[in-house]
Each structure stands twice: as C-alpha cells, then as structure tokens.
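Beneath this line is the structure, given in structure tokens, with notes to follow.
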Amino acid sequence: MSSEAINRSRAVDWSLRAYIVLAYAFVFAPIAASFVFSLNSDRFPSIPLGHFSLEWYRAVASDPLVWQGLGNTLVIGLIVGVVSTLLGFGAAYTDYRYNFFGKQVYLALALLPPTIPVIIMGLAMLAFLSRVDLSGRAISVIIAHVVICAPFAMAIIRLRLSQMDPALEPAAWNLGASEWATMRHVIVPFTKPAIFGALFITMAVSFDEFAIAWFVSGLNETLPVKVLGFLQGQVSPRINAIGTFVFVISMTLVILAQVLLSGRTGPTAADKE
Amino acid sequence: MQRDTLVSFEGVIKRFGSFTAVQRMDFEIKKGEFLAIMGSSGCGKTTTLRMLAGLEAPSEGTIRLSGKPINHLPTWQRDTPMVWQSLALFPFLNVRENVEFALKMRGVGKAERQRRAEQWLDRMQILEFADRNIAQLSGGQRQRVALARSLVVEPEILLLDEPLSALDAALKVRMQSVLKNLQRETGITFVYVTHSQSEAFSMADRVVIMSRGVIEQIGTPQEIYGAPRTRFVADFLGSSNIFTGRVRAASPSAVEVDTPDGPLALAGGNLPAPPRQGDTATLTVLDTKTHLSVSRPTGQANVVPVRVIGEEFVGATATVYLETAKGQEIRVQKSHDELAGLPLDIGQELFVHWSPADSHLVAEA
Ligand SMILES: Nc1ncnc2c1ncn2[C@@H]1O[C@H](COP(=O)(O)OP(=O)(O)O)[C@@H](O)[C@H]1O
Ligand SMILES: [Mg+2]
C-alpha cells in the first residue's frame, strides 16, 4: 500500500500504524506472556524471570488426564469438523440451488446458533441431551459442537458458491453430466478450497470451545475443560504450557483455512480483457 | 414435417409465473442450416434456446428433435451442447480437461478422450495451450475452448447464446468468420442467438426475428431486409422508410394507399394478403431504393415533395435526411457519386420518388 497515492498526512499515517501495533499487542500480549511463563522455572508468574525450563511441559506430558483430555479434544474436533462441514455444505448448496417458500427463515435459522449466548446454549444442550439420555458422553460434546460449528461451515461454503458463474452447473448438465456427476465433477472441485477452509475453522472452533463442552461433557472432558480443573485446584504454570500448545494448534488450523480461502479464488478476475 | 427438418417447435409457450416469456411459437430448424434468432434484450431468445437445450421445460406445446418429442428429456440426455454467453468454462480444469469433460461424462475411455480432444483443440488452433489454465487465456482463445468443448461430442446441433458479446469489434468479426466456416465444414446445425443485426445477417442462412416473446418474421437475410413483414421488423432493422395510410383501391396486382403526403402505390407480388378498401395500411420502402431529383419527375407513381434536413456520411455512402410538409421523415441512401450533382443545403426543396415494385405492405402489429 502506498501512502503517497492518497496524500495522507504523516501524523495520521504514524498514528494509524501505532494503533495497529497497540491493537495487536492488546490481543497477543497475554498469549505471549503465557508462552514466556510456560518456559520459566518459577512456580508463580513474576518478574524477574527464573531460568529457562521445560519442566512444566514435562509435567503436562506425564499427566495421563491431560493426554486423555487431548485425545478427547482431537477426536471430537475431527468428527465435529467433518460432520459440520458436510452439513454446512448441504445447507449452503440447498440455499444456492433452490428457491422455496420460507427460504429467508431457513437461512436465518441455519445461521442463528453462533449468536446465542454460550451459557444459554450450554444449558439448553445439557437439558435436552440429558432428557434424551445423551449427556455426559463424547457424543454429547460432538452434537453440541456441531450445532455451533455447522453455521460457520455453511457461511464459508456459501460465500464460495456465490462466486461461481451461475451458468457453470447447467453447462455441466448440458455437456452430459447428471446432477450427481455435476456435484462430483463441478460443484465439489469448485468449492474445494472453501470445504477445506470450513473443515479447519470448525475443527479450531471445536478445539477451543469451553463453555458448552463444560456443560455437557461429563467424564469425557476436553482439554479446555481439563484446564479449568487445574485452575480450580491450584495455580500451576502447566496451564501456560497447555495454553501455548493449544494456541499453536488453533493458529495452525486458522492459518491453513486462511491460505485456502484467500488463495486462487478467482480465475474469474481475468474474465474480460 | 419435411424430411430435412431437424427441430420443430409446435405451439410452444413458456411462462414464468404470470409472465409469458415465449408466446405460442411455431417454427422449424432445418438440418445443417445456420439459423440466427435475433431480437432486443428480454424478448425471449435465451428462453427459446434453453427450452431446446432442455434447461427449461415448455409450459405448453411440443419440441421435436429428429421427429421425437423431447419436452421431458433432461438436458444431460440430449445431444444439444450450448456455448454460453459467459462461456462457463470450468475454472478448476485446464484447457484439455475442459474439452474432455463431455466425453468423460459419456464414459469414453482415456486414450480415446485424449485423441478426440486434441483433434478439436488442433482444429480450433489452440492445441499449444492444451495444458494452460483458463485464467491464462485471452478472450478469443477462451471462445475457441468453449467451441471445442461443445463440439467434441460431434453433435447434430450446436446452440450458441450471444457467444461473441464480450469481444472487441475486430475480434468479433474474426470469430464470425471462424464460426461461419466451422458451420459450413462440419455441416452441424447452428442455432445462434444474438441481439446484433450485423452478426445475424452476416452469418445466418435464415434469421428468426423475435419481439416480446413473438416471432415477427422468419426468412433469409435478403428476404427480411428487402421485405420486412411487420412494422416492428421494419423499425428494428432501421433501413426502411415507413408510411401509414388508408387503402383507396386494391386489386391482386396493385394497391393504392392514401397517406397524408399523397397517394402511394405498390405493385403486386409484395402482398402478404390483399388488403381491403378502407383498411389502414403501412407500407415501406428501403432507403437504398429511394431516389432524389430537383424537378418533379413525370410519369412516376410515388413522388413526394420534401425539404432537406441533414446529411450523414457512412463510409462509401451518404444518407440524406428529408422531411415532408406533414413532418414525415424520409431517408435516402446513395453513393457519393450519385449525390454529386444535387443541391443538398438544409431547407433545399427536392422530390423523393421510388418504383411501386420497391414498396411493400407490412402487417400492422
Ligand atoms: N427463470 C426466469 N424466471 C422469471 N423470468 C424469467 C426467467 N428467465 C427469463 N425470464 C424473463 O423472460 C424474459 C425473456 O428472457 P430471455 O429469454 O433471457 O431474454 P433474451 O435472451 O432475449 O434477452 C425476460 O423478461 C426475463 O426477465
Ligand atoms: Mg439472453
């Protein structure tokens, strides 16, 4: 970006830069602090720092409960990602392809769950799942997470479908592809970046989600729920170690999604010359 | 139905809700002809083509392909490939894969697919781009990919929906001759939808002119240009002078019409149906068939006194704009040589005249 082109004053330029640096510092400072203290030998987070140490990572790694929580988180995250993406794809394609009575309502309902406060969502889920005898199991967390993740997947895939030339699908039919063949050879390849983007984002959301999992997980605690357990027991730098680990995984998923969703979206851009 | 008919539309109507996009259409497409469907935007050209392709079902009537009704045959079971206005090339496939697509969907084996795709890429002179992405091609190259992609199945009929509209003027003319040659060499029936008179008239064997969902006229470019059948067609082509009046006398061989600018005559042979005395009638004469003179010509039937209101140069010819005492505008198109001796200052009084054989009656739509 060139600032000369718009002829902005230097003061505005610099204050905008400072603003961005501060905003990022505000967001990332706690995470950075957590990272630093996770490698610090002292029991309590205080300055000056003690010496460099991996003891908290070792402590975490030797705790079978942490491994169990991580296992739960990964398995649940993977299943939630796949199921949400499938559901989101179906919903987005239905919206793209069909016009029907009450479509606006359908869309509003489909996109609603993430806007409901998580506490209410968690309580409602708990009440409902225990009524149908599904609470306190891994499947409970999966169901609850799919409910909040599928709308994200739908929104991502829907955006991609909206960039598709509306003639593409009928062109495939016209060239002899049945509706299924067109789904497989045209719609899926076209939306593939969004499908993987949605997969990674929904996995990351499930991975980090705490409140609902806390309500419905019972003995199948996910990692964020386990962390709360640590906090309630004793303050331990192990939390920093886990936090750093979780952050790295989530960021990796989000960045992967970002790369997929921003890259190579538009051969359509060069359509006219 | 004649033996050389490939497609027939029989009483075909298409409604979208309460709106009728195509109104009771009856016409035939002959085997191996280049047919253009022309009309202004929104007149139902694309809808007609989509019904033929199986992308819309007619609300009423029957469409036959080689004699068989195809109303309810889904598009993927018809051999009616279409070249789209947006081209609709698959952006995630390269050139070769785009061209192979239809063969792949028909279960043609890999080697055979490759052979036939390359044959068409070569024929369209884009074989060297076979492994490029669509995004890396120019407009003209994409056009050729779209043609190859549709023609690779060697269909009996090819549908084209304003395929040249995104190209610049020079490329448009070049692609027109590519299309015309392709059609002639392959003998494949082309149905070409366009809003451009020059495209339709320069390429097509026959032209269908549509207006608001209705066919106004079908004929060869010469027939339509020489004798527009309806007032709409005459207006649309813009090359005819149009007069309206009341029939004074009518016989099978000649008609006389009283207009505000005096009686005008036309000779027989140009009558769709002989009009009755007292009917309102509209007659046309091409601006290239009208003549100018300084003094009143004697022994001529159609002579109208006019004043010059302007002149416009169009390449080798000029169009003189004139006005009668009643305010009727008349245009005369002539070569510069033919106009050389005439005084053409604005306000100059002249006489326009033409032969009764060059007048035509049109249906008042
Ligand atoms: N799917 C549709 N639903 C409703 N109206 C339509 C639909 N498709 C076309 N139309 C209407 O039918 C008319 C003819 O459209 P179209 O055949 O695309 O015109 P053209 O190709 O001649 O410009 C237009 O008024 C258009 O708005
Ligand atoms: Mg159209």
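Just remember, in the structure tokens the first chain shown is A, the second B, etc., residues are 1-based per chain, and ligands are 1-based in the order shown.
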
May I have the residues within 8 Å of ligand 2, computed using only C-alpha atoms and all ligand atoms, as a list in words?
->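 Residues satisfying the distance criterion: Ser41, Gly42, Gly44, Lys45, Thr46, Thr47, Gln85, Asp161, Glu162, Val193 and Thr194 of chain B.
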
Quick one: everything within 6 Å of Phe35 (chain A), counting only C-alpha atoms, minus sequence neighbours fewer than 3 positions away in the same chain. Send it as a PyMOL selection string.
-> chain A and resi 32+38+244

Using C-alpha atoms, can you write the selected residues to a file as a compact mmCIF listing (two decimals), in the first residue's frame?
```txt
# COMPACT_ATOMS: atom_id res chain seq x y z
CA ALA A 32 2.94 -14.15 24.59
CA SER A 38 5.47 -21.70 30.24
CA THR A 244 0.77 -22.47 24.31
```

With a cut-off of 6 Å and counting only C-alpha atoms, select all residues of chain B in contact with chain A and give the selection as a compact mmCIF listing (two decimals) with C-alpha atoms, in the first residue's frame.
```
# COMPACT_ATOMS: atom_id res chain seq x y z
CA THR B 75 -30.55 -31.86 -20.78
CA TRP B 76 -27.81 -34.41 -19.96
CA PRO B 81 -24.48 -28.65 -26.41
CA ALA B 88 -18.99 -21.05 -18.48
CA ALA B 102 -18.32 -34.14 -22.13
CA MET B 105 -19.31 -37.84 -18.75
CA ALA B 135 -7.35 -17.84 -16.49
```

Could you tell me which of B:Ile157, B:Met203, B:Leu52, B:Met210 comes closest to Arg174 (chain B) if we count only C-alpha atoms?
-> B:Met203

Backbone DSSP call of alpha helix (DSSP H) for region 161-305 of chain B, listed as number ranges by chain = B: 169-186, 197-203, 221-226, 231-237

Please, what distance in Å, to one decimal, runs between CA of Lys226 (chain A) and CA of Ser41 (chain A)?
->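 A separation of 22.4 Å between them.
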
Figure out the distance between CA of Ser206 (chain A) and CA of Met251 (chain A), please, to one decimal in Å.
->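 Distance reported for this atom pair: 13.1 Å.
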
Given only C-alpha atoms and all ligand atoms as the counted atoms, nearest of A:Glu209, A:Val27, A:Asn99, A:Val227 to ligand 1 |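 Of all the options, A:Asn99 lies closest to ligand 1.
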